[in-house]
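S.K.: Next comes the structure file target.pdb, holding PDB, C-alpha atoms.
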```pdb
ATOM      1  CA  SER P   1     -10.435  12.436   1.393
ATOM      2  CA  HIS P   2      -9.106  11.810   4.916
ATOM      3  CA  HIS P   3     -11.485  10.295   7.445
ATOM      4  CA  PHE P   4     -11.516  11.952  10.864
ATOM      5  CA  GLN P   5     -10.852   8.528  12.410
ATOM      6  CA  SER P   6      -7.756   6.481  11.627
ATOM      7  CA  ARG P   7      -8.087   3.159   9.831
ATOM      8  CA  ARG P   8      -7.082   1.224  12.969
ATOM      9  CA  GLU P   9      -9.482   3.227  15.131
ATOM     10  CA  ARG P  10     -12.400   2.401  12.822
ATOM     11  CA  GLU P  11     -11.318  -1.241  12.720
ATOM     12  CA  VAL P  12     -11.383  -1.544  16.515
ATOM     13  CA  LEU P  13     -14.722   0.262  16.943
ATOM     14  CA  ASN P  14     -16.430  -1.631  14.112
ATOM     15  CA  THR P  15     -15.225  -4.935  15.570
ATOM     16  CA  ILE P  16     -16.458  -4.068  19.065
ATOM     17  CA  THR P  17     -19.843  -2.960  17.715
ATOM     18  CA  GLU P  18     -20.199  -6.156  15.684
ATOM     19  CA  LEU P  19     -19.237  -8.259  18.726
ATOM     20  CA  HIS P  20     -21.974  -6.640  20.790
ATOM     21  CA  LEU P  21     -24.549  -6.925  18.009
ATOM     22  CA  SER P  22     -23.920 -10.597  17.314
ATOM     23  CA  GLY P  23     -23.205 -11.647  20.897
ATOM     24  CA  SER P  24     -25.252 -11.934  24.043
ATOM     25  CA  LYS P  25     -24.947  -8.333  25.173
ATOM     26  CA  GLY P  26     -27.995  -6.161  24.794
ATOM     27  CA  GLU P  27     -26.310  -2.848  24.085
ATOM     28  CA  VAL P  28     -23.900  -1.334  21.612
ATOM     29  CA  ASP P  29     -21.245   0.368  23.731
ATOM     30  CA  GLY P  30     -18.482   0.918  21.188
ATOM     31  CA  GLY P  31     -18.294   4.541  22.305
ATOM     32  CA  LYS P  32     -17.092   3.418  25.748
ATOM     33  CA  ALA P  33     -13.926   2.126  24.080
ATOM     34  CA  TYR P  34     -12.630   5.701  24.021
ATOM     35  CA  GLU P  35     -12.465   5.540  27.819
ATOM     36  CA  GLY P  36     -11.397   1.895  28.010
ATOM     37  CA  ILE P  37     -11.671  -1.324  25.975
ATOM     38  CA  GLN P  38     -12.668  -4.210  28.189
ATOM     39  CA  MET P  39     -10.358  -7.235  28.246
ATOM     40  CA  SER P  40     -13.078  -9.469  26.805
ATOM     41  CA  ASP P  41     -13.515  -7.185  23.792
ATOM     42  CA  LEU P  42      -9.772  -6.754  23.297
ATOM     43  CA  CYS P  43      -9.380 -10.516  23.425
ATOM     44  CA  GLU P  44     -11.832 -10.998  20.544
ATOM     45  CA  ILE P  45     -10.169  -8.218  18.554
ATOM     46  CA  MET P  46      -6.779  -9.908  18.937
ATOM     47  CA  VAL P  47      -8.228 -13.299  18.022
ATOM     48  CA  THR P  48      -9.642 -12.010  14.726
ATOM     49  CA  HIS P  49      -6.993  -9.385  13.849
ATOM     50  CA  ALA P  50      -3.410 -10.635  13.858
ATOM     51  CA  HIS P  51      -2.047  -7.081  13.788
ATOM     52  CA  TYR P  52      -3.130  -6.426  17.382
ATOM     53  CA  MET P  53      -1.757  -9.766  18.545
ATOM     54  CA  LYS P  54       1.615  -8.883  17.018
ATOM     55  CA  MET P  55       1.472  -5.403  18.547
ATOM     56  CA  MET P  56       0.835  -6.791  22.033
ATOM     57  CA  VAL P  57       3.541  -9.454  21.661
ATOM     58  CA  CYS P  58       6.081  -6.784  20.667
ATOM     59  CA  ALA P  59       5.031  -4.610  23.608
ATOM     60  CA  CYS P  60       5.370  -7.421  26.151
ATOM     61  CA  PHE P  61       8.506  -9.131  24.855
ATOM     62  CA  LYS P  62      11.620  -7.327  23.636
ATOM     63  CA  SER P  63      13.341 -10.469  22.363
ATOM     64  CA  TYR P  64      12.828 -10.990  18.635
ATOM     65  CA  GLU P  65      13.077 -14.769  19.091
ATOM     66  CA  GLU P  66      10.260 -14.743  21.666
ATOM     67  CA  GLN P  67       8.124 -12.507  19.440
ATOM     68  CA  GLN P  68       8.631 -14.826  16.471
ATOM     69  CA  LYS P  69       7.902 -17.896  18.600
ATOM     70  CA  ARG P  70       4.608 -16.426  19.824
ATOM     71  CA  MET P  71       3.455 -15.388  16.344
ATOM     72  CA  ASP P  72       4.468 -18.748  14.826
ATOM     73  CA  ALA P  73       2.245 -20.468  17.397
ATOM     74  CA  TYR P  74      -0.618 -17.978  16.892
ATOM     75  CA  THR P  75      -0.849 -17.928  13.076
ATOM     76  CA  PRO P  76      -1.865 -21.557  12.368
ATOM     77  CA  ALA P  77      -3.858 -22.005  15.590
ATOM     78  CA  SER P  78      -7.612 -22.602  15.705
ATOM     79  CA  THR P  79      -9.913 -19.945  17.147
ATOM     80  CA  PRO P  80     -10.163 -21.579  20.627
ATOM     81  CA  GLU P  81      -6.381 -22.003  20.749
ATOM     82  CA  ARG P  82      -5.861 -18.392  19.639
ATOM     83  CA  ARG P  83      -8.220 -17.246  22.377
ATOM     84  CA  ARG P  84      -6.211 -19.201  24.965
ATOM     85  CA  GLN P  85      -2.942 -17.662  23.746
ATOM     86  CA  VAL P  86      -4.446 -14.172  23.728
ATOM     87  CA  LEU P  87      -5.792 -14.486  27.279
ATOM     88  CA  ASP P  88      -2.382 -15.648  28.462
ATOM     89  CA  LEU P  89      -0.728 -12.679  26.728
ATOM     90  CA  LEU P  90      -3.264 -10.179  28.102
ATOM     91  CA  SER P  91      -2.566 -11.444  31.606
ATOM     92  CA  THR P  92       1.109 -10.631  31.060
ATOM     93  CA  ALA P  93       0.251  -7.259  29.516
ATOM     94  CA  ALA P  94      -2.010  -6.260  32.417
ATOM     95  CA  ASP P  95       0.845  -6.881  34.866
ATOM     96  CA  SER P  96       3.651  -5.268  32.866
ATOM     97  CA  LEU P  97       2.225  -2.453  30.735
ATOM     98  CA  PRO P  98       1.122   0.866  32.328
ATOM     99  CA  GLU P  99      -1.453   1.341  29.538
ATOM    100  CA  PHE P 100      -3.549  -1.420  31.133
ATOM    101  CA  ALA P 101      -4.371   0.455  34.325
ATOM    102  CA  GLY P 102      -7.685  -0.847  35.624
ATOM    103  CA  HIS P 103      -7.424  -3.915  33.350
ATOM    104  CA  GLN P 104      -8.584  -1.964  30.315
ATOM    105  CA  ILE P 105      -6.974   0.183  27.627
ATOM    106  CA  SER P 106      -8.364   3.251  25.864
ATOM    107  CA  ILE P 107      -8.391   3.776  22.098
ATOM    108  CA  ALA P 108      -5.784   6.540  22.441
ATOM    109  CA  SER P 109      -3.476   4.324  24.540
ATOM    110  CA  LEU P 110      -3.895   1.468  22.066
ATOM    111  CA  GLN P 111      -2.864   3.745  19.193
ATOM    112  CA  GLU P 112       0.103   5.092  21.177
ATOM    113  CA  LEU P 113       1.191   1.532  21.936
ATOM    114  CA  ASP P 114       0.838   0.661  18.264
ATOM    115  CA  ASN P 115       3.047   3.603  17.257
ATOM    116  CA  LYS P 116       5.580   2.765  19.969
ATOM    117  CA  VAL P 117       6.181  -0.832  18.856
ATOM    118  CA  MET P 118       5.858  -0.150  15.128
ATOM    119  CA  GLY P 119       9.073  -0.768  13.201
ATOM    120  CA  PHE P 120      10.706   1.633  10.745
ATOM    121  CA  HIS P 121       9.339  -0.178   7.717
ATOM    122  CA  GLU P 122       5.796  -0.039   9.119
ATOM    123  CA  HIS P 123       6.101   3.718   9.725
ATOM    124  CA  PHE P 124       7.496   4.055   6.209
ATOM    125  CA  PHE P 125       4.653   2.163   4.551
ATOM    126  CA  ARG P 126       2.059   3.984   6.662
ATOM    127  CA  GLY P 127       3.498   7.253   5.360
ATOM    128  CA  LEU P 128       3.301   5.900   1.808
ATOM    129  CA  ARG P 129      -0.364   4.975   2.281
ATOM    130  CA  LYS P 130      -1.147   8.401   3.713
ATOM    131  CA  ASN P 131       0.396  10.186   0.716
ATOM    132  CA  ARG P 132      -0.256   7.523  -1.914
ATOM    133  CA  ASN P 133      -2.023   9.857  -4.361
ATOM    134  CA  ILE P 134       0.792  12.353  -4.704
ATOM    135  CA  LEU P 135       3.424   9.583  -4.695
ATOM    136  CA  THR P 136       1.599   7.631  -7.425
ATOM    137  CA  SER P 137       1.256  10.690  -9.640
ATOM    138  CA  PHE P 138       4.907  11.640  -9.018
ATOM    139  CA  CYS P 139       6.132   8.163  -9.990
ATOM    140  CA  ALA P 140       3.995   8.201 -13.158
ATOM    141  CA  PHE P 141       5.345  11.659 -14.034
ATOM    142  CA  VAL P 142       8.983  10.589 -13.526
ATOM    143  CA  ILE P 143       8.461   7.436 -15.597
ATOM    144  CA  TRP P 144       6.914   9.429 -18.441
ATOM    145  CA  ILE P 145       9.727  11.995 -18.361
ATOM    146  CA  ALA P 146      12.211   9.105 -18.503
ATOM    147  CA  VAL P 147      10.414   7.579 -21.516
ATOM    148  CA  GLY P 148      10.606  10.858 -23.438
ATOM    149  CA  THR P 149      14.241  11.424 -22.456
ATOM    150  CA  ILE P 150      15.323   7.944 -23.560
ATOM    151  CA  TRP P 151      13.446   8.243 -26.863
ATOM    152  CA  SER P 152      14.942  11.640 -27.674
ATOM    153  CA  ALA P 153      18.478  10.481 -26.812
ATOM    154  CA  THR P 154      18.065   7.347 -28.934
ATOM    155  CA  ALA P 155      16.159   8.680 -31.946
ATOM    156  CA  ASN P 156      17.825  12.076 -32.263
ATOM    157  CA  LYS P 157      21.261  11.263 -30.809
ATOM    158  CA  THR P 158      21.022  14.213 -28.390
ATOM    159  CA  ASP P 159      22.779  14.610 -25.046
ATOM    160  CA  PHE P 160      21.011  14.033 -21.721
ATOM    161  CA  ILE P 161      20.204  17.690 -20.992
ATOM    162  CA  THR P 162      18.670  18.263 -24.438
ATOM    163  CA  SER P 163      16.690  15.011 -24.203
ATOM    164  CA  LEU P 164      15.376  15.936 -20.737
ATOM    165  CA  TYR P 165      14.396  19.380 -22.005
ATOM    166  CA  PHE P 166      12.466  17.729 -24.858
ATOM    167  CA  SER P 167      10.393  15.670 -22.366
ATOM    168  CA  ILE P 168       9.612  18.542 -20.016
ATOM    169  CA  ALA P 169       8.925  21.086 -22.763
ATOM    170  CA  THR P 170       6.638  18.716 -24.658
ATOM    171  CA  LEU P 171       4.493  17.972 -21.577
ATOM    172  CA  SER P 172       4.452  21.460 -20.065
ATOM    173  CA  THR P 173       3.504  23.210 -23.347
ATOM    174  CA  ALA P 174       1.182  20.515 -24.743
ATOM    175  CA  GLY P 175       3.707  19.777 -27.487
ATOM    176  CA  MET P 176       3.883  23.336 -28.827
ATOM    177  CA  VAL P 177       7.532  23.722 -27.881
ATOM    178  CA  ALA P 178       8.717  20.200 -28.576
ATOM    179  CA  THR P 179      12.380  20.522 -29.586
ATOM    180  CA  SER P 180      12.207  17.572 -31.960
ATOM    181  CA  GLN P 181       9.589  15.487 -33.706
ATOM    182  CA  GLY P 182      11.948  12.881 -35.058
ATOM    183  CA  ASN P 183      13.156  12.451 -38.603
ATOM    184  CA  ASN P 184      10.260  10.405 -39.931
ATOM    185  CA  ASP P 185       6.552   9.722 -39.585
ATOM    186  CA  GLY P 186       7.199   7.230 -36.778
ATOM    187  CA  GLY P 187       8.957   9.892 -34.755
ATOM    188  CA  MET P 188       6.120  12.353 -35.225
ATOM    189  CA  MET P 189       3.611   9.681 -34.203
ATOM    190  CA  PHE P 190       5.589   8.958 -31.009
ATOM    191  CA  VAL P 191       5.721  12.652 -30.064
ATOM    192  CA  ALA P 192       1.971  12.959 -30.637
ATOM    193  CA  LEU P 193       1.174   9.937 -28.460
ATOM    194  CA  PHE P 194       3.768  10.984 -25.866
ATOM    195  CA  ALA P 195       2.120  14.381 -25.489
ATOM    196  CA  LEU P 196      -1.455  13.038 -25.664
ATOM    197  CA  THR P 197      -0.948  10.540 -22.824
ATOM    198  CA  GLY P 198       1.732  12.382 -20.863
ATOM    199  CA  ILE P 199      -0.018  15.731 -20.473
ATOM    200  CA  PRO P 200      -2.818  14.263 -18.244
ATOM    201  CA  VAL P 201      -0.115  12.605 -16.103
ATOM    202  CA  TYR P 202       1.747  15.916 -15.845
ATOM    203  CA  CYS P 203      -1.434  17.834 -14.943
ATOM    204  CA  THR P 204      -2.451  15.243 -12.349
ATOM    205  CA  PHE P 205       0.930  15.509 -10.648
ATOM    206  CA  LEU P 206       0.767  19.312 -10.623
ATOM    207  CA  GLY P 207      -2.771  19.139  -9.231
ATOM    208  CA  HIS P 208      -1.737  16.866  -6.344
ATOM    209  CA  MET P 209       1.271  19.056  -5.583
ATOM    210  CA  ALA P 210      -0.935  22.145  -5.597
ATOM    211  CA  ASN P 211      -3.454  20.448  -3.285
ATOM    212  CA  TYR P 212      -0.671  19.489  -0.873
ATOM    213  CA  LEU P 213       0.677  23.038  -0.715
ATOM    214  CA  VAL P 214      -2.799  24.561  -0.453
ATOM    215  CA  ASP P 215      -3.697  22.150   2.371
ATOM    216  CA  MET P 216      -0.605  23.245   4.298
ATOM    217  CA  TRP P 217      -1.472  26.913   3.781
ATOM    218  CA  THR P 218      -5.134  26.350   4.670
ATOM    219  CA  ALA P 219      -4.227  24.506   7.879
ATOM    220  CA  GLN P 220      -2.084  27.439   9.002
ATOM    221  CA  GLN P 221      -4.824  29.923   8.083
ATOM    222  CA  MET P 222      -7.384  27.924  10.059
ATOM    223  CA  LYS P 223      -5.079  27.791  13.064
ATOM    224  CA  ASP P 224      -4.524  31.550  12.944
ATOM    225  CA  LYS P 225      -8.264  32.204  12.574
ATOM    226  CA  MET P 226      -9.112  29.893  15.456
ATOM    227  CA  GLU P 227      -6.735  31.756  17.784
ATOM    228  CA  GLN P 228      -7.839  35.207  16.614
ATOM    229  CA  ARG P 229      -9.960  37.293  18.980
ATOM    230  CA  PHE P 230     -13.683  37.563  18.231
ATOM    231  CA  GLU P 231     -14.890  40.720  16.532
ATOM    232  CA  ALA P 232     -17.922  42.567  17.897
ATOM    233  CA  SER P 233     -20.089  41.296  15.012
ATOM    234  CA  GLU P 234     -19.020  37.717  15.702
ATOM    235  CA  VAL P 235     -19.835  38.083  19.387
ATOM    236  CA  ALA P 236     -23.289  39.345  18.384
ATOM    237  CA  TYR P 237     -23.852  36.243  16.237
ATOM    238  CA  LEU P 238     -22.634  34.031  19.093
ATOM    239  CA  GLN P 239     -25.195  35.701  21.358
ATOM    240  CA  HIS P 240     -27.789  34.870  18.696
ATOM    241  CA  LEU P 241     -26.778  31.186  18.883
ATOM    242  CA  ALA P 242     -26.785  31.129  22.694
ATOM    243  CA  ASP P 243     -29.620  31.524  25.136
ATOM    244  CA  HIS P 244     -30.053  35.303  25.561
ATOM    245  CA  GLU P 245     -30.985  34.786  29.217
ATOM    246  CA  LYS P 246     -27.601  33.138  29.977
ATOM    247  CA  PRO P 247     -24.244  34.955  29.925
ATOM    248  CA  THR P 248     -22.498  31.740  28.812
ATOM    249  CA  VAL P 249     -22.238  29.502  25.735
ATOM    250  CA  ASN P 250     -21.942  25.732  25.603
ATOM    251  CA  PHE P 251     -19.424  23.745  23.584
ATOM    252  CA  ALA P 252     -21.818  23.045  20.688
ATOM    253  CA  GLN P 253     -22.456  26.764  20.201
ATOM    254  CA  PHE P 254     -18.756  27.579  20.502
ATOM    255  CA  ALA P 255     -17.814  24.825  18.015
ATOM    256  CA  GLU P 256     -20.435  26.017  15.517
ATOM    257  CA  MET P 257     -19.117  29.573  15.763
ATOM    258  CA  GLN P 258     -15.489  28.537  15.327
ATOM    259  CA  LEU P 259     -16.289  26.322  12.337
ATOM    260  CA  LEU P 260     -18.063  29.259  10.714
ATOM    261  CA  ARG P 261     -15.150  31.614  11.438
ATOM    262  CA  MET P 262     -12.597  29.144  10.009
ATOM    263  CA  GLY P 263     -14.666  28.685   6.870
ATOM    264  CA  CYS P 264     -15.107  24.941   7.423
ATOM    265  CA  VAL P 265     -18.880  25.262   7.015
ATOM    266  CA  ASP P 266     -21.304  27.981   6.003
ATOM    267  CA  ARG P 267     -24.640  28.927   7.490
ATOM    268  CA  ASP P 268     -26.555  27.100   4.760
ATOM    269  CA  THR P 269     -24.811  23.865   5.780
ATOM    270  CA  ILE P 270     -25.631  24.503   9.441
ATOM    271  CA  ARG P 271     -29.290  25.077   8.534
ATOM    272  CA  ALA P 272     -29.332  21.837   6.515
ATOM    273  CA  LEU P 273     -27.884  19.955   9.493
ATOM    274  CA  ARG P 274     -30.528  21.436  11.791
ATOM    275  CA  LYS P 275     -33.245  20.248   9.403
ATOM    276  CA  GLN P 276     -31.718  16.767   9.304
ATOM    277  CA  PHE P 277     -31.574  16.682  13.107
ATOM    278  CA  ALA P 278     -35.188  17.826  13.311
ATOM    279  CA  LYS P 279     -36.248  14.873  11.122
ATOM    280  CA  LEU P 280     -34.420  12.459  13.433
ATOM    281  CA  ASP P 281     -35.825  14.157  16.546
ATOM    282  CA  THR P 282     -39.299  12.687  16.162
ATOM    283  CA  ASP P 283     -40.040  13.247  19.870
ATOM    284  CA  HIS P 284     -39.194  16.967  19.578
ATOM    285  CA  ASN P 285     -37.228  16.960  22.831
ATOM    286  CA  GLY P 286     -33.906  18.113  21.387
ATOM    287  CA  GLU P 287     -32.290  14.690  21.671
ATOM    288  CA  VAL P 288     -31.953  11.741  19.294
ATOM    289  CA  PRO P 289     -31.431   8.146  20.506
ATOM    290  CA  LEU P 290     -28.215   6.560  19.245
ATOM    291  CA  SER P 291     -30.290   3.709  17.832
ATOM    292  CA  ARG P 292     -31.530   6.082  15.121
ATOM    293  CA  PHE P 293     -28.055   6.083  13.605
ATOM    294  CA  ILE P 294     -27.639   2.291  13.506
ATOM    295  CA  VAL P 295     -29.278   0.471  10.615
ATOM    296  CA  LEU P 296     -28.720  -3.280  10.650
ATOM    297  CA  PRO P 297     -28.328  -5.036   7.300
ATOM    298  CA  GLU P 298     -31.225  -7.214   6.201
ATOM    299  CA  GLY P 299     -30.949 -10.706   7.618
ATOM    300  CA  HIS P 300     -28.598  -9.715  10.468
ATOM    301  CA  PRO P 301     -28.998 -12.065  13.493
ATOM    302  CA  ALA P 302     -29.939  -9.122  15.717
ATOM    303  CA  SER P 303     -32.435  -7.548  13.324
ATOM    304  CA  ASN P 304     -35.443  -9.153  15.023
ATOM    305  CA  ASN P 305     -34.208  -8.755  18.592
ATOM    306  CA  PRO P 306     -35.951  -5.823  20.342
ATOM    307  CA  ASN P 307     -33.015  -5.524  22.795
ATOM    308  CA  PHE P 308     -30.644  -4.397  20.066
ATOM    309  CA  PRO P 309     -30.638  -0.750  18.972
ATOM    310  CA  GLY P 310     -31.077  -0.379  15.252
ATOM    311  CA  SER P 311     -33.310  -3.423  14.870
ATOM    312  CA  PRO P 312     -36.782  -2.834  13.421
ATOM    313  CA  ALA P 313     -38.241  -4.495  16.503
ATOM    314  CA  GLY P 314     -36.184  -2.376  18.895
ATOM    315  CA  SER P 315     -36.603   1.041  17.302
ATOM    316  CA  PRO P 316     -39.541   1.373  14.917
ATOM    317  CA  GLY P 317     -38.934   3.834  12.139
ATOM    318  CA  ALA P 318     -35.222   4.193  12.919
ATOM    319  CA  ALA P 319     -34.077   3.107   9.488
ATOM    320  CA  SER P 320     -36.380   5.480   7.660
ATOM    321  CA  ALA P 321     -35.445   8.400   9.933
ATOM    322  CA  ALA P 322     -31.714   7.802   9.508
ATOM    323  CA  SER P 323     -31.925   7.418   5.743
ATOM    324  CA  SER P 324     -33.961  10.586   5.310
TER     325      SER P 324
END
```
Show me, as structure tokens, the structure contained in the file I just sent.

M.R.:
Amino acid sequence: SHHFQSRREREVLNTITELHLSGSKGEVDGGKAYEGIQMSDLCEIMVTHAHYMKMMVCACFKSYEEQQKRMDAYTPASTPERRRQVLDLLSTAADSLPEFAGHQISIASLQELDNKVMGFHEHFFRGLRKNRNILTSFCAFVIWIAVGTIWSATANKTDFITSLYFSIATLSTAGMVATSQGNNDGGMMFVALFALTGIPVYCTFLGHMANYLVDMWTAQQMKDKMEQRFEASEVAYLQHLADHEKPTVNFAQFAEMQLLRMGCVDRDTIRALRKQFAKLDTDHNGEVPLSRFIVLPEGHPASNNPNFPGSPAGSPGAASAASS
């Protein structure tokens, strides 16, 4: 299933959070990265993740020779030397790139910069990763069709069209309409094994294709439903969600209503989420500290520091509340 955050987005935020947990800062402010990543945090990200160093080099220097020279110096360098190179590059970036207004860059701007400097082959392989399930099943299906076609053409001396029909008919009808079983026991054994192993491949491919088409249809249906005017009954339910003394609704109430209308959740799920929130809201004030959602692994350097959210010393009972 697709995560609502991209892989690079999670990588940046997880790195920033880990830097703040293991460093000298007393707060976890990864969420602020959506407004702007500080230069100090971006520096550490680029030191530990070569992808971001390469991205920034490509953004600052258009010459391939200069890009290669910078990366050749960065790759074998020690951590202190990498940090020096990164700081030098960030100084250039802050002066030349509009994304670094205010000497910081937001997550969205970082992703846009990544897409801008990404080469064709990187876009291509990113597309492959995004659709790897359907591509894998398609390749397996084509290979299995080719195996059956080659066998039929070789064993039965049939032409290409007849051999291709044998492969497709055998898989699509579970072997009931196989045009040939060979002239001996070996041929019959091959057809049996071909159908036994090929039918799951065929069904998997059809399933992924069906999911792809259904997802496209569902996305359009959700878009149409989201833009559709509220019915009187839906307005009544929205009034039920809102404060009856106020003629307005807030974003949380509006989002809940739209998710229900689009069929993304049902009311049982909403009730289950309210119960989960109530367990986390031990103070019964309608708010939950962010520290309740952070559970440090056992033995983490910050686990005994009361200044760090998520540590047993800093937020008693947080781990048990989050896990429940």

S.K.: Identify all residues satisfying the PyMOL selection byres ((chain P and resi 44-60) around 9) in the given file; provide them as a PDB file with C-alpha atoms, in the frame of the given file.

M.R.:
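Just written: out_23.pdb:
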```
ATOM      1  CA  VAL P  12     -11.383  -1.544  16.515  1.00  0.00           C
ATOM      2  CA  THR P  15     -15.225  -4.935  15.570  1.00  0.00           C
ATOM      3  CA  ILE P  16     -16.458  -4.068  19.065  1.00  0.00           C
ATOM      4  CA  LEU P  19     -19.237  -8.259  18.726  1.00  0.00           C
ATOM      5  CA  MET P  39     -10.358  -7.235  28.246  1.00  0.00           C
ATOM      6  CA  SER P  40     -13.078  -9.469  26.805  1.00  0.00           C
ATOM      7  CA  ASP P  41     -13.515  -7.185  23.792  1.00  0.00           C
ATOM      8  CA  LEU P  42      -9.772  -6.754  23.297  1.00  0.00           C
ATOM      9  CA  CYS P  43      -9.380 -10.516  23.425  1.00  0.00           C
ATOM     10  CA  PHE P  61       8.506  -9.131  24.855  1.00  0.00           C
ATOM     11  CA  LYS P  62      11.620  -7.327  23.636  1.00  0.00           C
ATOM     12  CA  SER P  63      13.341 -10.469  22.363  1.00  0.00           C
ATOM     13  CA  TYR P  64      12.828 -10.990  18.635  1.00  0.00           C
ATOM     14  CA  GLU P  66      10.260 -14.743  21.666  1.00  0.00           C
ATOM     15  CA  GLN P  67       8.124 -12.507  19.440  1.00  0.00           C
ATOM     16  CA  ARG P  70       4.608 -16.426  19.824  1.00  0.00           C
ATOM     17  CA  MET P  71       3.455 -15.388  16.344  1.00  0.00           C
ATOM     18  CA  TYR P  74      -0.618 -17.978  16.892  1.00  0.00           C
ATOM     19  CA  THR P  75      -0.849 -17.928  13.076  1.00  0.00           C
ATOM     20  CA  THR P  79      -9.913 -19.945  17.147  1.00  0.00           C
ATOM     21  CA  PRO P  80     -10.163 -21.579  20.627  1.00  0.00           C
ATOM     22  CA  ARG P  82      -5.861 -18.392  19.639  1.00  0.00           C
ATOM     23  CA  ARG P  83      -8.220 -17.246  22.377  1.00  0.00           C
ATOM     24  CA  GLN P  85      -2.942 -17.662  23.746  1.00  0.00           C
ATOM     25  CA  VAL P  86      -4.446 -14.172  23.728  1.00  0.00           C
ATOM     26  CA  LEU P  89      -0.728 -12.679  26.728  1.00  0.00           C
ATOM     27  CA  LEU P  90      -3.264 -10.179  28.102  1.00  0.00           C
ATOM     28  CA  THR P  92       1.109 -10.631  31.060  1.00  0.00           C
ATOM     29  CA  ALA P  93       0.251  -7.259  29.516  1.00  0.00           C
ATOM     30  CA  SER P  96       3.651  -5.268  32.866  1.00  0.00           C
ATOM     31  CA  LEU P  97       2.225  -2.453  30.735  1.00  0.00           C
ATOM     32  CA  LEU P 113       1.191   1.532  21.936  1.00  0.00           C
ATOM     33  CA  ASP P 114       0.838   0.661  18.264  1.00  0.00           C
ATOM     34  CA  LYS P 116       5.580   2.765  19.969  1.00  0.00           C
ATOM     35  CA  VAL P 117       6.181  -0.832  18.856  1.00  0.00           C
ATOM     36  CA  MET P 118       5.858  -0.150  15.128  1.00  0.00           C
TER      37      MET P 118
END
```

S.K.: Residues at most 6 Å from region 128-141 of chain P, counting only C-alpha atoms, excluding those fewer than 3 positions away in the same chain, as a PDB file with C-alpha atoms, in the frame of the given file?

M.R.:
```pdb
ATOM      1  CA  PHE P 125       4.653   2.163   4.551  1.00  0.00           C
ATOM      2  CA  TRP P 144       6.914   9.429 -18.441  1.00  0.00           C
ATOM      3  CA  VAL P 201      -0.115  12.605 -16.103  1.00  0.00           C
ATOM      4  CA  TYR P 202       1.747  15.916 -15.845  1.00  0.00           C
ATOM      5  CA  PHE P 205       0.930  15.509 -10.648  1.00  0.00           C
ATOM      6  CA  HIS P 208      -1.737  16.866  -6.344  1.00  0.00           C
TER       7      HIS P 208
END
```

S.K.: So which residues get picked by the PyMOL selection byres ((chain P and resi 223-225) around 12) here, written as a list of chain:residue names?

M.R.: P:Met216, P:Trp217, P:Thr218, P:Ala219, P:Gln220, P:Gln221, P:Met222, P:Met226, P:Glu227, P:Gln228, P:Arg229, P:Phe230, P:Glu231, P:Met257, P:Gln258, P:Leu259, P:Leu260, P:Arg261, P:Met262, P:Gly263, P:Cys264

S.K.: Using only C-alpha atoms, find the one residue out of P:Ile143, P:Leu206, P:Gln111, P:Trp151 that sits nearest to Met188 (chain P).

M.R.: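 Selected residue with least distance to Met188 (chain P): P:Trp151.
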
S.K.: Could you state the separation of CA of Phe277 (chain P) and CA of Gln239 (chain P) in Å, given to one decimal place?

M.R.: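 Rounded to one decimal, the two atoms are 21.7 Å apart.
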